[in-house]
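Down below is the structure, laid out as structure tokens.
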Amino acid sequence: MSRAAIEACNWQEPGGLPEVNRMVDFIEGLGIEVFVDTVPDAEEMGMTIRKGAIIIDPAAPVYPGDLLHEAGHLAVADPQQRATMEQMSDDPGEEMAAIAWSAAATVPCEITLEVLFHDMGYKGHAASLRMNFSQGNFLGVPMLAMWDMTAELHRPTPDMPAYPRMTRWLRGGDPVA
């Protein structure tokens with residue numbers, strides 16, 4: 001996707017273009033594509049998943065942290081369904097795993113929890129998520145551990161580091177080098 005098209009989207013604070021560019025580089029480096037196109041009902045979020053890619057509506061207000069959350073949904077999805085996904089799973093376990101995945105991704109993307117868990121998202125629970133993750137209370141990690149993407153804090157091994165370090169960024173994917 002054209003970086004200029006992504007940068008021209010209606011990005012809101014917190015976050016900015018440097019954060020957006022780092023996140024897009026990270027997400028695309030995993031093999032998840034990011035496109036700019038019209039999103040039906042864009043006033044709700046301004047992003048969606050279509051055919052296993054993240055679609056950003058250029059006219060809708062969008063928050064940089066939502067890029068990682070959408071990528072998290074694709075990353076934790078069943079590998080057999082990922083490339084054809086047209087919407088996020090409504091499975092509560094996958095939602096929690098996507099939250100944990102996106103929080104772990106703040107490390108390589110060099111963004112803060114304030115950018116990820118912005119006050120306009122997470123159905124009014126952003127402050128609680130920021131507080132919990134900053135204090136080491138990581139919801140969703142057991143799902144990531146079950147899929148061999150990381151280890152729970154009390155169960156690291158030499159081959160499986162403890163969260164927030166990830167062994168795999170994609171469920172069913174190759175280990176991180």
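Here's how to read the names in the structure tokens: chain A, B, ... by the order shown, residue numbers from 1 in each chain, ligand numbers from 1 in the order shown.
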
Quick one: contact table of segment 34-152 of chain A to segment 157-162 of chain A, 8 Å max, nearest atom pair and distance in Å to one decimal per residue, counting only C-alpha atoms, chain and number order, as a tab-separated table?
residue	atom	partner	partner_atom	distance
A:Asp148	CA	A:Met160	CA	7.9
A:Thr150	CA	A:Met160	CA	5.9
A:Ala151	CA	A:Ala162	CA	4.5
A:Glu152	CA	A:Ala162	CA	5.5

9 Å contact set for Gly16 of chain A, only C-alpha atoms, chain neighbours under 5 positions out, as a list of chain:residue names: A:Trp11, A:Asn21, A:Tyr63, A:Pro64

What are the closest atom pairs, with distances in Å to one decimal, for each residue of segment 116-177 of chain A lying within 12 Å of segment 29-50 of chain A, using only C-alpha atoms, rows by chain and rising residue number, as JSON lines?
{"residue": "A:Met120", "atom": "CA", "partner": "A:Met45", "partner_atom": "CA", "distance": 9.6}
{"residue": "A:Gly121", "atom": "CA", "partner": "A:Met45", "partner_atom": "CA", "distance": 8.6}
{"residue": "A:Tyr122", "atom": "CA", "partner": "A:Met45", "partner_atom": "CA", "distance": 10.8}
{"residue": "A:Lys123", "atom": "CA", "partner": "A:Glu44", "partner_atom": "CA", "distance": 11.4}
{"residue": "A:Arg168", "atom": "CA", "partner": "A:Leu30", "partner_atom": "CA", "distance": 10.0}
{"residue": "A:Trp169", "atom": "CA", "partner": "A:Leu30", "partner_atom": "CA", "distance": 7.4}
{"residue": "A:Leu170", "atom": "CA", "partner": "A:Leu30", "partner_atom": "CA", "distance": 7.6}
{"residue": "A:Arg171", "atom": "CA", "partner": "A:Leu30", "partner_atom": "CA", "distance": 11.3}
{"residue": "A:Gly173", "atom": "CA", "partner": "A:Leu30", "partner_atom": "CA", "distance": 9.5}
{"residue": "A:Asp174", "atom": "CA", "partner": "A:Leu30", "partner_atom": "CA", "distance": 10.3}
{"residue": "A:Pro175", "atom": "CA", "partner": "A:Leu30", "partner_atom": "CA", "distance": 11.5}
{"residue": "A:Val176", "atom": "CA", "partner": "A:Leu30", "partner_atom": "CA", "distance": 10.3}

Nearest candidate to Ile27 of chain A (options A:Val115, A:Met85, A:Ala71, A:Leu139; using only C-alpha atoms): A:Ala71

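The spacing separating atom CA of Met143 of chain A from atom CA of Met96 of chain A amounts to 7.9 Å.
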
Residue neighbourhood Ser89 of chain A, 9 Å, only C-alpha atoms, exclusion window fewer than 5 positions, as a compact mmCIF listing (two decimals) with N, CA and C atoms, in the first residue's frame:
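So the final result, stored in part.txt, reads:
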# COMPACT_ATOMS: atom_id res chain seq x y z
N HIS A 73 -6.20 -9.24 15.95
CA HIS A 73 -7.29 -10.16 15.58
C HIS A 73 -6.85 -11.10 14.47
N ALA A 77 -6.00 -15.32 14.83
CA ALA A 77 -7.05 -16.08 14.15
C ALA A 77 -6.55 -17.46 13.74
N GLU A 94 -10.58 -15.04 21.74
CA GLU A 94 -9.77 -14.39 20.70
C GLU A 94 -9.69 -12.89 20.92
N GLU A 95 -10.75 -12.28 21.44
CA GLU A 95 -10.71 -10.84 21.74
C GLU A 95 -9.65 -10.56 22.81

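Of note, atom CA of Asn132 of chain A and atom CA of Ala177 of chain A are spaced 29.1 Å apart.
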
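Checking A:Ala145, A:Ser134, A:Gly52, A:Pro79 one by one against Ala97 of chain A, counting only C-alpha atoms, you find the shortest gap at A:Ala145.
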
DSSP-assigned helix (DSSP H, G or I) members of chain A, reported as a ChimeraX atom specification: /A:3-7,17-29,64-76,82-84,92-109,113-116,122-124,126-134,141-146

Length of the atom CA of Glu7 of chain A to atom CA of Leu68 of chain A vector [Å]: 15.9 Å

Strand (DSSP E or B) call set, DSSP backbone run, chain A, as an MDAnalysis selection string: chainID A and resid 10:11 34:36 47:50 53:56 61:62 151 162

Need to verify the contact set: Gly136 of chain A, 12 Å, only C-alpha atoms, exclusion of same-chain residues closer than 5 positions in sequence. Can you return it as an mmCIF file with N, CA and C atoms, in the first residue's frame?
data_model
loop_
_atom_site.group_PDB
_atom_site.id
_atom_site.type_symbol
_atom_site.label_atom_id
_atom_site.label_comp_id
_atom_site.auth_asym_id
_atom_site.auth_seq_id
_atom_site.Cartn_x
_atom_site.Cartn_y
_atom_site.Cartn_z
ATOM 1 N N ALA A 100 -3.996 -8.875 24.307
ATOM 2 C CA ALA A 100 -2.660 -9.216 24.818
ATOM 3 C C ALA A 100 -1.619 -9.133 23.710
ATOM 4 N N ALA A 103 -0.808 -5.521 22.963
ATOM 5 C CA ALA A 103 0.023 -4.926 24.016
ATOM 6 C C ALA A 103 1.476 -5.394 23.882
ATOM 7 N N ALA A 104 1.687 -6.664 23.558
ATOM 8 C CA ALA A 104 3.057 -7.151 23.337
ATOM 9 C C ALA A 104 3.688 -6.447 22.137
ATOM 10 N N LEU A 129 -7.483 -1.119 31.088
ATOM 11 C CA LEU A 129 -6.494 -1.923 30.361
ATOM 12 C C LEU A 129 -5.095 -1.339 30.506
ATOM 13 N N ARG A 130 -4.965 -0.021 30.395
ATOM 14 C CA ARG A 130 -3.655 0.619 30.583
ATOM 15 C C ARG A 130 -3.111 0.311 31.972
ATOM 16 N N MET A 131 -3.960 0.455 32.984
ATOM 17 C CA MET A 131 -3.522 0.211 34.347
ATOM 18 C C MET A 131 -3.122 -1.258 34.534
ATOM 19 N N VAL A 141 -3.188 -13.664 27.957
ATOM 20 C CA VAL A 141 -1.920 -14.368 27.764
ATOM 21 C C VAL A 141 -2.099 -15.887 27.756
ATOM 22 N N GLU A 152 3.337 -18.039 29.662
ATOM 23 C CA GLU A 152 2.842 -17.277 30.797
ATOM 24 C C GLU A 152 4.022 -16.900 31.680
ATOM 25 N N LEU A 153 3.846 -15.860 32.476
ATOM 26 C CA LEU A 153 4.946 -15.322 33.272
ATOM 27 C C LEU A 153 5.613 -16.375 34.162
ATOM 28 N N ALA A 162 8.831 -15.655 28.394
ATOM 29 C CA ALA A 162 7.609 -15.179 29.045
ATOM 30 C C ALA A 162 7.093 -13.913 28.365
ATOM 31 N N TYR A 163 5.777 -13.788 28.344
ATOM 32 C CA TYR A 163 5.101 -12.596 27.869
ATOM 33 C C TYR A 163 5.679 -11.376 28.591
ATOM 34 N N PRO A 164 5.910 -10.250 27.923
ATOM 35 C CA PRO A 164 5.434 -9.868 26.600
ATOM 36 C C PRO A 164 6.335 -10.265 25.431
#

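Closest approach to Gln81 of chain A among A:Asp57, A:Ser102, A:Pro14, A:Lys51 is made by A:Lys51 (distances from only C-alpha atoms).
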
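You can rank A:Pro58, A:Asp91, A:Ala8, A:Phe138 by their closest distance to Asp78 of chain A using only C-alpha atoms, and at the top of that list sits A:Asp91.
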
For Ser2 of chain A, the nearest of the candidates A:Arg165, A:Val24, A:Gly172, A:Met88, counting only C-alpha atoms: A:Val24
